[in-house]
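K.L.:
Enclosed is the structure file run28.csv (CSV, C-alpha atoms and all ligand atoms).
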```csv
chain,number,residue,atom,x,y,z
A,1,MET,CA,-24.0,-48.6,13.4
A,2,LYS,CA,-20.5,-49.3,14.4
A,3,ILE,CA,-18.0,-46.7,13.5
A,4,SER,CA,-14.5,-48.2,12.9
A,5,PHE,CA,-11.5,-46.5,14.3
A,6,LYS,CA,-10.4,-45.4,10.9
A,7,THR,CA,-13.8,-43.9,9.9
A,8,GLY,CA,-13.8,-42.1,13.3
A,9,ILE,CA,-10.5,-40.4,12.4
A,10,THR,CA,-11.9,-39.4,9.0
A,11,ILE,CA,-15.0,-37.9,10.6
A,12,ILE,CA,-12.8,-35.9,13.1
A,13,VAL,CA,-10.6,-34.7,10.3
A,14,LEU,CA,-13.7,-33.6,8.2
A,15,ILE,CA,-15.2,-31.8,11.2
A,16,ALA,CA,-11.9,-30.1,11.9
A,17,PHE,CA,-11.5,-29.1,8.2
A,18,SER,CA,-15.0,-27.7,8.1
A,19,PHE,CA,-14.3,-25.7,11.3
A,20,SER,CA,-11.1,-24.4,9.9
A,21,SER,CA,-12.7,-23.3,6.6
A,22,CYS,CA,-15.4,-21.5,8.6
A,23,MET,CA,-12.7,-19.7,10.4
A,24,VAL,CA,-10.9,-18.8,7.3
A,25,ASP,CA,-14.1,-17.5,5.8
A,26,SER,CA,-14.6,-15.0,8.6
A,27,ARG,CA,-13.4,-11.6,7.4
A,28,SER,CA,-13.6,-8.2,9.2
A,29,GLU,CA,-12.8,-4.8,7.7
A,30,SER,CA,-12.8,-1.2,8.9
A,31,GLU,CA,-12.2,1.9,6.8
A,32,PHE,CA,-11.5,5.0,8.9
A,33,PHE,CA,-9.7,8.3,8.9
A,34,ALA,CA,-6.6,8.8,11.0
A,35,MET,CA,-3.2,10.5,10.8
A,36,ASP,CA,-4.6,12.7,8.0
A,37,THR,CA,-5.4,9.9,5.6
A,38,VAL,CA,-7.9,7.2,4.9
A,39,MET,CA,-7.0,3.8,6.4
A,40,THR,CA,-8.3,0.3,5.8
A,41,ILE,CA,-7.7,-2.8,8.0
A,42,THR,CA,-8.9,-6.2,6.8
A,43,ALA,CA,-8.4,-9.3,9.0
A,44,TYR,CA,-9.2,-12.9,8.3
A,45,GLY,CA,-9.9,-15.9,10.5
A,46,ASP,CA,-9.7,-16.3,14.2
A,47,ASN,CA,-10.8,-13.2,16.2
A,48,SER,CA,-10.8,-11.1,13.1
A,49,GLU,CA,-13.5,-8.7,14.4
A,50,SER,CA,-11.9,-7.9,17.8
A,51,SER,CA,-8.5,-7.7,16.1
A,52,VAL,CA,-9.7,-5.0,13.7
A,53,LYS,CA,-11.4,-3.1,16.5
A,54,SER,CA,-8.3,-3.1,18.8
A,55,ALA,CA,-6.0,-2.1,15.9
A,56,VAL,CA,-8.2,0.8,15.0
A,57,GLU,CA,-8.4,2.0,18.6
A,58,GLU,CA,-4.6,1.8,18.9
A,59,ILE,CA,-4.0,3.8,15.7
A,60,ASN,CA,-6.5,6.5,16.9
A,61,ARG,CA,-4.7,6.6,20.3
A,62,LEU,CA,-1.3,7.0,18.6
A,63,ASP,CA,-2.7,9.7,16.3
A,64,THR,CA,-3.7,11.7,19.4
A,65,LEU,CA,-0.2,11.2,20.9
A,66,PHE,CA,1.8,12.1,17.8
A,67,SER,CA,-0.3,14.7,15.9
A,68,VAL,CA,1.4,18.0,15.2
A,69,GLN,CA,-1.9,19.8,15.1
A,70,ASN,CA,-3.9,18.3,17.9
A,71,GLN,CA,-3.5,20.6,21.0
A,72,ASN,CA,-3.8,17.6,23.3
A,73,SER,CA,-0.9,15.6,21.7
A,74,GLU,CA,2.4,15.0,23.3
A,75,ILE,CA,4.2,16.3,20.2
A,76,TYR,CA,2.1,19.5,20.1
A,77,LYS,CA,3.0,20.1,23.8
A,78,LEU,CA,6.7,19.4,23.0
A,79,ASN,CA,6.7,21.9,20.2
A,80,ILE,CA,5.1,24.6,22.3
A,81,ASN,CA,7.0,24.1,25.6
A,82,LYS,CA,10.2,22.8,24.0
A,83,TYR,CA,10.4,20.0,26.5
A,84,VAL,CA,8.3,17.0,27.4
A,85,HIS,CA,8.6,13.9,29.7
A,86,GLY,CA,8.2,11.5,26.8
A,87,SER,CA,5.9,8.5,26.8
A,88,LYS,CA,7.4,5.1,25.9
A,89,GLU,CA,5.8,5.4,22.4
A,90,THR,CA,7.2,8.9,21.8
A,91,LEU,CA,10.7,7.9,23.0
A,92,GLU,CA,10.6,4.8,20.7
A,93,LEU,CA,9.6,7.0,17.8
A,94,PHE,CA,12.4,9.5,18.5
A,95,ASN,CA,14.9,6.6,18.7
A,96,CYS,CA,13.9,5.2,15.3
A,97,ALA,CA,13.9,8.8,13.8
A,98,GLN,CA,17.4,9.5,15.2
A,99,MET,CA,18.7,6.2,13.9
A,100,VAL,CA,17.5,6.9,10.4
A,101,ASN,CA,18.7,10.5,10.6
A,102,THR,CA,22.3,9.2,11.3
A,103,MET,CA,22.0,6.4,8.7
A,104,THR,CA,20.9,8.8,5.9
A,105,ASN,CA,23.3,11.7,6.8
A,106,GLY,CA,20.3,13.9,7.8
A,107,ALA,CA,18.1,13.2,4.8
A,108,PHE,CA,15.4,12.1,7.3
A,109,ASP,CA,15.0,14.8,9.9
A,110,VAL,CA,11.9,15.3,12.2
A,111,THR,CA,13.1,18.9,12.9
A,112,ILE,CA,11.7,19.7,9.4
A,113,GLU,CA,8.5,20.9,11.1
A,114,PRO,CA,9.0,24.8,10.7
A,115,LEU,CA,9.7,24.2,7.0
A,116,ILE,CA,6.6,22.1,6.4
A,117,ARG,CA,4.7,24.9,8.1
A,118,GLU,CA,6.3,27.6,5.9
A,119,TRP,CA,5.4,25.6,2.8
A,120,GLY,CA,1.8,25.3,4.2
A,121,PHE,CA,1.6,21.5,4.0
A,122,TYR,CA,-0.5,21.2,7.2
A,123,THR,CA,-4.3,20.9,7.0
A,124,GLY,CA,-5.9,24.4,7.1
A,125,LEU,CA,-2.8,26.3,6.0
A,126,GLU,CA,-2.4,27.9,2.6
A,127,LYS,CA,0.3,26.3,0.4
A,128,GLN,CA,2.9,28.8,-0.6
A,129,VAL,CA,6.5,29.1,-1.9
A,130,PRO,CA,8.4,30.8,1.0
A,131,THR,CA,11.1,33.4,0.2
A,132,GLN,CA,14.7,32.2,0.0
A,133,LYS,CA,15.5,34.5,3.0
A,134,LYS,CA,12.7,32.9,5.1
A,135,ILE,CA,14.0,29.4,4.2
A,136,GLU,CA,17.5,30.3,5.2
A,137,THR,CA,16.3,31.7,8.6
A,138,VAL,CA,14.2,28.6,9.3
A,139,LEU,CA,17.0,26.2,8.3
A,140,ASP,CA,19.0,27.5,11.3
A,141,SER,CA,16.6,25.6,13.6
A,142,VAL,CA,16.6,22.4,11.5
A,143,GLY,CA,19.0,19.6,12.4
A,144,ALA,CA,19.3,16.7,14.8
A,145,GLU,CA,21.7,18.7,17.0
A,146,HIS,CA,18.7,20.8,18.1
A,147,ILE,CA,17.2,17.8,20.0
A,148,LYS,CA,18.5,16.6,23.4
A,149,ILE,CA,17.2,13.5,25.0
A,150,ASP,CA,18.1,12.8,28.6
A,151,LYS,CA,16.6,9.5,29.8
A,152,GLU,CA,12.8,10.3,29.4
A,153,THR,CA,13.1,14.1,28.9
A,154,ILE,CA,13.1,15.5,25.4
A,155,VAL,CA,14.3,19.0,25.0
A,156,LEU,CA,14.2,21.1,21.8
A,157,ASP,CA,16.2,24.3,21.1
A,158,LYS,CA,14.2,27.6,21.2
A,159,ASP,CA,13.1,27.7,17.5
A,160,THR,CA,13.0,24.0,16.8
A,161,SER,CA,9.9,21.9,16.5
A,162,VAL,CA,9.3,18.3,15.3
A,163,ASP,CA,7.0,16.6,12.8
A,164,PHE,CA,6.6,12.8,12.7
A,165,GLY,CA,4.5,12.8,9.5
A,166,GLY,CA,7.3,10.8,7.8
A,167,ILE,CA,7.4,8.0,10.4
A,168,ALA,CA,4.2,7.9,12.6
A,169,LYS,CA,2.2,5.8,10.3
A,170,GLY,CA,5.0,3.2,10.3
A,171,TYR,CA,5.0,3.1,14.1
A,172,ALA,CA,1.2,2.8,14.0
A,173,SER,CA,1.3,-0.1,11.6
A,174,LYS,CA,3.9,-1.9,13.6
A,175,ARG,CA,1.8,-1.6,16.8
A,176,ALA,CA,-1.4,-2.5,15.0
A,177,ALA,CA,0.2,-5.6,13.4
A,178,GLN,CA,1.5,-6.7,16.9
A,179,ILE,CA,-1.9,-6.3,18.4
A,180,ILE,CA,-3.6,-8.3,15.6
A,181,LYS,CA,-1.1,-11.1,16.1
A,182,GLU,CA,-1.3,-11.1,19.9
A,183,ASN,CA,-5.1,-11.3,19.5
A,184,GLY,CA,-4.7,-14.6,17.7
A,185,THR,CA,-5.3,-13.4,14.1
A,186,SER,CA,-2.6,-14.6,11.7
A,187,SER,CA,-3.8,-13.1,8.5
A,188,ALA,CA,-4.5,-9.4,7.9
A,189,LEU,CA,-3.7,-6.5,5.6
A,190,LEU,CA,-3.3,-2.9,6.8
A,191,SER,CA,-3.4,0.0,4.3
A,192,LEU,CA,-2.6,3.2,6.1
A,193,GLY,CA,-2.2,5.8,3.4
A,194,GLY,CA,1.1,5.0,1.6
A,195,ASN,CA,1.9,2.4,4.3
A,196,VAL,CA,0.9,-1.2,3.7
A,197,ARG,CA,1.6,-3.9,6.3
A,198,ALA,CA,0.9,-7.5,5.6
A,199,VAL,CA,0.3,-9.7,8.6
A,200,GLY,CA,1.3,-13.3,7.9
A,201,LYS,CA,0.1,-14.8,4.6
A,202,LYS,CA,-3.2,-14.5,2.8
A,203,PRO,CA,-5.9,-16.7,4.2
A,204,ASP,CA,-5.3,-19.3,1.5
A,205,GLY,CA,-1.7,-19.5,2.4
A,206,SER,CA,-0.3,-17.6,-0.6
A,207,GLU,CA,1.7,-14.3,-0.7
A,208,TRP,CA,0.0,-10.9,-0.6
A,209,SER,CA,0.3,-8.9,-3.8
A,210,ILE,CA,1.0,-5.3,-3.1
A,211,ALA,CA,0.6,-2.9,-6.0
A,212,ILE,CA,3.2,-0.2,-6.5
A,213,ALA,CA,1.3,2.8,-7.9
A,214,ASN,CA,2.2,4.4,-11.2
A,215,PRO,CA,3.2,7.9,-10.0
A,216,ASP,CA,1.7,9.5,-13.1
A,217,ASP,CA,-1.7,7.8,-12.6
A,218,ASN,CA,-2.4,6.3,-9.2
A,219,SER,CA,-5.3,4.3,-10.6
A,220,LYS,CA,-2.7,2.2,-12.5
A,221,GLN,CA,0.2,0.2,-11.2
A,222,ALA,CA,3.8,0.2,-12.1
A,223,GLY,CA,4.3,-3.3,-10.7
A,224,VAL,CA,3.4,-5.7,-7.9
A,225,LEU,CA,5.4,-6.9,-4.9
A,226,ASN,CA,4.6,-10.4,-3.6
A,227,VAL,CA,5.3,-10.4,0.2
A,228,ILE,CA,4.6,-12.2,3.4
A,229,ASP,CA,4.5,-10.6,6.9
A,230,THR,CA,6.3,-7.3,6.1
A,231,ALA,CA,5.8,-3.6,5.6
A,232,VAL,CA,5.8,-1.9,2.2
A,233,VAL,CA,5.9,1.9,2.4
A,234,THR,CA,5.8,4.3,-0.5
A,235,SER,CA,6.8,7.9,-0.6
A,236,GLY,CA,6.1,10.0,-3.6
A,237,GLY,CA,6.1,13.6,-4.7
A,238,TYR,CA,2.6,13.0,-6.2
A,239,GLN,CA,1.0,12.2,-2.8
A,240,ARG,CA,0.7,15.8,-1.6
A,241,CYS,CA,1.7,18.7,-3.9
A,242,PHE,CA,0.6,22.0,-5.4
A,243,LYS,CA,1.4,24.0,-8.5
A,244,TYR,CA,2.7,27.6,-8.5
A,245,ASN,CA,3.7,29.5,-11.6
A,246,GLY,CA,3.6,26.3,-13.6
A,247,LYS,CA,6.0,24.5,-11.2
A,248,ASN,CA,5.1,21.5,-9.0
A,249,TYR,CA,6.0,21.6,-5.3
A,250,HIS,CA,5.6,18.6,-3.1
A,251,HIS,CA,5.7,17.8,0.7
A,252,ILE,CA,9.0,15.9,1.0
A,253,ILE,CA,11.5,18.5,1.9
A,254,ASP,CA,15.3,18.2,1.6
A,255,PRO,CA,16.5,19.3,5.1
A,256,HIS,CA,19.8,20.5,3.6
A,257,THR,CA,18.1,23.0,1.2
A,258,GLY,CA,14.7,23.7,2.7
A,259,TYR,CA,13.1,23.0,-0.7
A,260,PRO,CA,11.1,20.0,-1.9
A,261,ALA,CA,13.5,17.2,-2.7
A,262,ASP,CA,14.5,17.2,-6.4
A,263,SER,CA,16.6,14.1,-6.5
A,264,GLY,CA,15.3,12.6,-9.8
A,265,LEU,CA,12.8,10.2,-8.3
A,266,LYS,CA,9.0,10.1,-8.6
A,267,SER,CA,8.5,7.5,-5.9
A,268,VAL,CA,10.3,5.1,-3.6
A,269,SER,CA,8.8,2.0,-2.0
A,270,VAL,CA,10.7,0.4,0.9
A,271,VAL,CA,10.2,-3.2,2.1
A,272,SER,CA,11.3,-4.0,5.6
A,273,GLN,CA,10.2,-6.2,8.6
A,274,ASP,CA,10.5,-3.0,10.6
A,275,ASP,CA,7.6,-0.7,9.8
A,276,CYS,CA,9.2,2.4,11.4
A,277,LEU,CA,12.4,1.9,9.5
A,278,ALA,CA,10.5,1.3,6.2
A,279,ASP,CA,8.5,4.5,6.7
A,280,ALA,CA,11.4,6.8,7.7
A,281,LEU,CA,13.6,5.3,4.9
A,282,SER,CA,11.0,5.7,2.2
A,283,THR,CA,11.0,9.5,2.9
A,284,ALA,CA,14.8,9.6,3.3
A,285,LEU,CA,15.6,7.6,0.1
A,286,PHE,CA,13.2,9.9,-1.9
A,287,VAL,CA,15.4,12.9,-0.6
A,288,MET,CA,18.7,11.1,-1.3
A,289,GLY,CA,18.0,10.0,-4.9
A,290,LEU,CA,18.9,6.7,-6.6
A,291,ASP,CA,22.7,6.7,-6.5
A,292,ASN,CA,23.1,7.6,-2.8
A,293,SER,CA,20.2,5.2,-1.9
A,294,ALA,CA,22.0,2.4,-3.8
A,295,VAL,CA,25.1,3.0,-1.7
A,296,LEU,CA,23.0,2.9,1.5
A,297,TYR,CA,21.4,-0.4,0.2
A,298,THR,CA,24.7,-2.1,-0.3
A,299,GLU,CA,25.7,-1.4,3.3
A,300,ASN,CA,22.2,-2.4,4.7
A,301,SER,CA,20.8,-5.0,2.4
A,302,THR,CA,19.7,-7.2,5.3
A,303,LEU,CA,17.5,-4.4,6.7
A,304,PHE,CA,15.5,-3.3,3.7
A,305,GLY,CA,14.8,-3.6,0.0
A,306,ALA,CA,13.4,-0.9,-2.3
A,307,VAL,CA,11.7,-0.1,-5.6
A,308,PHE,CA,12.6,3.2,-7.2
A,309,ILE,CA,10.7,5.0,-10.0
A,310,THR,CA,12.7,7.8,-11.6
A,311,ASP,CA,11.6,11.1,-13.3
A,312,GLU,CA,12.3,9.3,-16.6
A,313,ASN,CA,9.9,6.5,-15.5
A,314,GLU,CA,12.7,3.9,-15.2
A,315,ILE,CA,12.2,1.3,-12.5
A,316,TYR,CA,15.0,0.1,-10.3
A,317,VAL,CA,14.7,-2.8,-7.8
A,318,THR,CA,17.2,-3.9,-5.2
A,319,ASP,CA,18.4,-7.5,-5.8
A,320,ASN,CA,16.8,-8.8,-2.5
A,321,LEU,CA,13.4,-8.0,-4.1
A,322,GLU,CA,14.2,-9.2,-7.6
A,323,LYS,CA,12.2,-12.4,-7.3
A,324,SER,CA,9.3,-10.8,-5.6
A,325,PHE,CA,8.7,-7.9,-8.0
A,326,PHE,CA,6.6,-8.3,-11.1
A,327,SER,CA,5.9,-5.6,-13.7
A,328,ASP,CA,4.8,-5.2,-17.3
A,329,TYR,CA,7.6,-2.7,-17.7
A,330,ASP,CA,11.3,-3.3,-17.9
A,331,PHE,CA,13.2,-2.8,-14.7
A,332,LYS,CA,16.9,-2.7,-13.7
A,333,VAL,CA,18.3,-4.5,-10.6
A,334,ILE,CA,20.6,-2.8,-8.0
A,335,LYS,CA,23.2,-5.3,-6.9
A,336,LYS,CA,24.6,-5.5,-3.4
A,401,LIG,P1,6.1,10.2,3.8
A,401,LIG,O1,4.8,10.3,3.1
A,401,LIG,O2,6.3,9.0,4.7
A,401,LIG,O3,7.3,10.3,2.9
A,401,LIG,O4,6.2,11.5,4.8
A,401,LIG,C1,6.1,12.8,4.3
A,401,LIG,C2,5.8,13.6,5.5
A,401,LIG,O5,7.0,13.6,6.3
A,401,LIG,C3,5.6,15.1,5.1
A,401,LIG,O6,4.3,15.4,4.9
A,401,LIG,C4,6.2,15.8,6.3
A,401,LIG,O7,5.3,15.8,7.4
A,401,LIG,C5,7.3,14.9,6.7
A,401,LIG,N1,8.6,15.2,6.0
A,401,LIG,C6,8.8,15.8,4.9
A,401,LIG,N2,10.2,15.8,4.5
A,401,LIG,C7,10.8,15.2,5.6
A,401,LIG,C8,12.1,14.8,5.8
A,401,LIG,N3,13.1,15.1,5.0
A,401,LIG,N4,12.4,14.1,6.9
A,401,LIG,C9,11.4,13.8,7.8
A,401,LIG,N5,10.1,14.1,7.6
A,401,LIG,C10,9.8,14.7,6.5
A,402,MG,MG,7.8,7.9,5.4
```
Once you've parsed the file, please lay out its structure as structure tokens.
Ligand code: AMP
Ligand code: MG

P.N.:
Amino acid sequence: MKISFKTGITIIVLIAFSFSSCMVDSRSESEFFAMDTVMTITAYGDNSESSVKSAVEEINRLDTLFSVQNQNSEIYKLNINKYVHGSKETLELFNCAQMVNTMTNGAFDVTIEPLIREWGFYTGLEKQVPTQKKIETVLDSVGAEHIKIDKETIVLDKDTSVDFGGIAKGYASKRAAQIIKENGTSSALLSLGGNVRAVGKKPDGSEWSIAIANPDDNSKQAGVLNVIDTAVVTSGGYQRCFKYNGKNYHHIIDPHTGYPADSGLKSVSVVSQDDCLADALSTALFVMGLDNSAVLYTENSTLFGAVFITDENEIYVTDNLEKSFFSDYDFKVIKK
């Protein structure tokens, strides 16, 4: 049988198409525990299996580097010795943390560590309400001015220690997404606790739909964000909390008062291309509250967008996300 030139092309196209659909069909997933939370990474298409494996390894490596409680970590050693010759990763993390600290007038502050410890928010500690006197004493060692960085040496004041719980998952998702892309996988979804990172588009070429949890009932959603290749990070008082004498206390502390932030918000979700920024900002905006966050947004609308859920269950969405946010509930738009 003689195959014409045209039929030949058709056959090649069909073969190529069936190969590409095979590749799209391949899916790899890993669920694992790191950074004190359950994480899931799902990758699709080319090299998905090795991408997931390398991403999990990298997150575990970063967990060992940044953990406050692991005695082998760089941060643990820094907190004990008050100085460390920082690795590239730790220096990058400090840089991002310091940038967001300045940008948010101190609402994000990694020197919060002694307060988190006093409130008992670390695994293995008993959660408690510290006395006002204790909080005032501890506050003396909280603040960016207690950290000095000279080239690669990080030095802390005598009573100061640092906690990267509000940003480390962002750094981890940034690195993991980079590794996945470098490995040739163009479609993946990472869910690291409250941090979601979309790599590229869904395998069918459409946008990823990221649910924003209903803070009153996490099994339900307050809305959905449709995104491509970006980080979506949520901070909420509901994520880690305890009740004492009928009052709720959560893990996001206002560095200016030493108490759990009480700014009128139940949750904040931040969308940004920069995972570290998204993570640090979600914590900071939760501390700052709606009005101050709206001012910050108007000055930095190219850097991030956000969805806020207030104590009254009102939903506010920044105007750069207006077309990507869908909800059964009414929502208001924050204009630039
Ligand atoms: P996230 O879930 O990203 O909002 O981070 C919350 C975690 O960040 C807490 O469990 C603390 O380890 C740490 N943290 C709490 N308050 C602050 C703050 N104001 N600035 C920086 N880190 C904080
Ligand atoms: Mg955060």

K.L.:
Which one is closest to Lys220 in chain A: A:Val100, A:His256, A:Ser51, A:Ser327? Count all atoms listed in the file.

P.N.:
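For Lys220 in chain A, the nearest of the candidates is A:Ser327.
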
K.L.:
Please check which protein, DNA or RNA residues sit within 7 Å of ligand LIG 401 (chain A), counting only C-alpha atoms and all ligand atoms, and write them as a PyMOL selection string.

P.N.:
chain A and resi 107-110+112+116+121+163-167+194+235-236+251-255+279-280+282-284+287

K.L.:
Around (-1.5, -5.4, 8.0), as given in the file, which residues come within 9 Å? Count all atoms listed in the file and list them as JSON, numbers by chain.

P.N.:
{"A": [41, 42, 43, 173, 174, 176, 177, 180, 187, 188, 189, 190, 191, 192, 196, 197, 198, 199, 200, 229, 230, 231]}

K.L.:
Rounded to one decimal in Å, what is the spacing between CA of Ile309 in chain A and CA of Thr234 in chain A?

P.N.:
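About the pair CA of Ile309 in chain A and CA of Thr234 in chain A: they are 10.7 Å apart.
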
K.L.:
Distance CA of Pro260 in chain A-CA of Glu113 in chain A, one decimal place?

P.N.:
13.3 Å

K.L.:
Tell me which of A:Val138, A:Cys276, A:Leu62, A:Leu265 sits closest to ligand MG 402 (chain A), counting all atoms listed in the file.

P.N.:
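Closest to ligand MG 402 (chain A) of all the choices is A:Cys276.
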
K.L.:
A:Ile210, A:Val224, A:Leu91, A:Leu139: which is nearest Glu322 in chain A, counting only C-alpha atoms?

P.N.:
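Nearest candidate to Glu322 in chain A out of A:Ile210, A:Val224, A:Leu91, A:Leu139: A:Val224.
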
K.L.:
Pick from A:Asn313, A:Asn195, A:Ser209, A:Ser141: nearest to ligand MG 402 (chain A), with only C-alpha atoms and all ligand atoms counted?

P.N.:
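Between A:Asn313, A:Asn195, A:Ser209, A:Ser141, the residue approaching ligand MG 402 (chain A) most closely is A:Asn195.
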
K.L.:
Would you kindly return, as a PDB file with C-alpha atoms, in the frame of the given file, each protein, DNA or RNA residue with an atom no farther than 12 Å from any atom of Val162 in chain A, considering only C-alpha atoms and excluding same-chain residues fewer than 2 positions away?

P.N.:
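around15.pdb, freshly written:
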```pdb
ATOM      1  CA  PHE A  66       1.800  12.100  17.800  1.00  0.00           C
ATOM      2  CA  SER A  67      -0.300  14.700  15.900  1.00  0.00           C
ATOM      3  CA  VAL A  68       1.400  18.000  15.200  1.00  0.00           C
ATOM      4  CA  GLN A  69      -1.900  19.800  15.100  1.00  0.00           C
ATOM      5  CA  GLU A  74       2.400  15.000  23.300  1.00  0.00           C
ATOM      6  CA  ILE A  75       4.200  16.300  20.200  1.00  0.00           C
ATOM      7  CA  TYR A  76       2.100  19.500  20.100  1.00  0.00           C
ATOM      8  CA  LYS A  77       3.000  20.100  23.800  1.00  0.00           C
ATOM      9  CA  LEU A  78       6.700  19.400  23.000  1.00  0.00           C
ATOM     10  CA  ASN A  79       6.700  21.900  20.200  1.00  0.00           C
ATOM     11  CA  ILE A  80       5.100  24.600  22.300  1.00  0.00           C
ATOM     12  CA  LYS A  82      10.200  22.800  24.000  1.00  0.00           C
ATOM     13  CA  TYR A  83      10.400  20.000  26.500  1.00  0.00           C
ATOM     14  CA  THR A  90       7.200   8.900  21.800  1.00  0.00           C
ATOM     15  CA  LEU A  93       9.600   7.000  17.800  1.00  0.00           C
ATOM     16  CA  PHE A  94      12.400   9.500  18.500  1.00  0.00           C
ATOM     17  CA  ALA A  97      13.900   8.800  13.800  1.00  0.00           C
ATOM     18  CA  GLN A  98      17.400   9.500  15.200  1.00  0.00           C
ATOM     19  CA  PHE A 108      15.400  12.100   7.300  1.00  0.00           C
ATOM     20  CA  ASP A 109      15.000  14.800   9.900  1.00  0.00           C
ATOM     21  CA  VAL A 110      11.900  15.300  12.200  1.00  0.00           C
ATOM     22  CA  THR A 111      13.100  18.900  12.900  1.00  0.00           C
ATOM     23  CA  ILE A 112      11.700  19.700   9.400  1.00  0.00           C
ATOM     24  CA  GLU A 113       8.500  20.900  11.100  1.00  0.00           C
ATOM     25  CA  PRO A 114       9.000  24.800  10.700  1.00  0.00           C
ATOM     26  CA  LEU A 115       9.700  24.200   7.000  1.00  0.00           C
ATOM     27  CA  ILE A 116       6.600  22.100   6.400  1.00  0.00           C
ATOM     28  CA  ARG A 117       4.700  24.900   8.100  1.00  0.00           C
ATOM     29  CA  SER A 141      16.600  25.600  13.600  1.00  0.00           C
ATOM     30  CA  VAL A 142      16.600  22.400  11.500  1.00  0.00           C
ATOM     31  CA  GLY A 143      19.000  19.600  12.400  1.00  0.00           C
ATOM     32  CA  ALA A 144      19.300  16.700  14.800  1.00  0.00           C
ATOM     33  CA  HIS A 146      18.700  20.800  18.100  1.00  0.00           C
ATOM     34  CA  ILE A 147      17.200  17.800  20.000  1.00  0.00           C
ATOM     35  CA  ILE A 154      13.100  15.500  25.400  1.00  0.00           C
ATOM     36  CA  VAL A 155      14.300  19.000  25.000  1.00  0.00           C
ATOM     37  CA  LEU A 156      14.200  21.100  21.800  1.00  0.00           C
ATOM     38  CA  ASP A 157      16.200  24.300  21.100  1.00  0.00           C
ATOM     39  CA  ASP A 159      13.100  27.700  17.500  1.00  0.00           C
ATOM     40  CA  THR A 160      13.000  24.000  16.800  1.00  0.00           C
ATOM     41  CA  PHE A 164       6.600  12.800  12.700  1.00  0.00           C
ATOM     42  CA  GLY A 165       4.500  12.800   9.500  1.00  0.00           C
ATOM     43  CA  GLY A 166       7.300  10.800   7.800  1.00  0.00           C
ATOM     44  CA  ILE A 167       7.400   8.000  10.400  1.00  0.00           C
ATOM     45  CA  ALA A 168       4.200   7.900  12.600  1.00  0.00           C
TER      46      ALA A 168
END
```

K.L.:
Closest to Lys148 in chain A among A:Gly289, A:Gly86, A:Gly264, A:Gly170, using all atoms listed in the file?

P.N.:
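Nearest to Lys148 in chain A: A:Gly86.
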
K.L.:
Near range 328-332 of chain A, within 9 Å and counting all atoms listed in the file, which residues show up once chain neighbours fewer than 2 positions away are dropped, as a CSV table (one decimal) with C-alpha atoms, keeping the file's coordinate frame?

P.N.:
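After the write, selection.csv holds the following:
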```
chain,number,residue,atom,x,y,z
A,222,ALA,CA,3.8,0.2,-12.1
A,223,GLY,CA,4.3,-3.3,-10.7
A,314,GLU,CA,12.7,3.9,-15.2
A,315,ILE,CA,12.2,1.3,-12.5
A,316,TYR,CA,15.0,0.1,-10.3
A,317,VAL,CA,14.7,-2.8,-7.8
A,318,THR,CA,17.2,-3.9,-5.2
A,326,PHE,CA,6.6,-8.3,-11.1
A,334,ILE,CA,20.6,-2.8,-8.0
```

K.L.:
Which residue is closest to ligand MG 402 (chain A)? Choose from A:Asn218, A:Thr64, A:Asn183, A:Ser269 and count only C-alpha atoms and all ligand atoms.

P.N.:
A:Ser269

K.L.:
Separation of CA of Tyr297 in chain A and CA of Leu225 in chain A, in Å?

P.N.:
18.0 Å
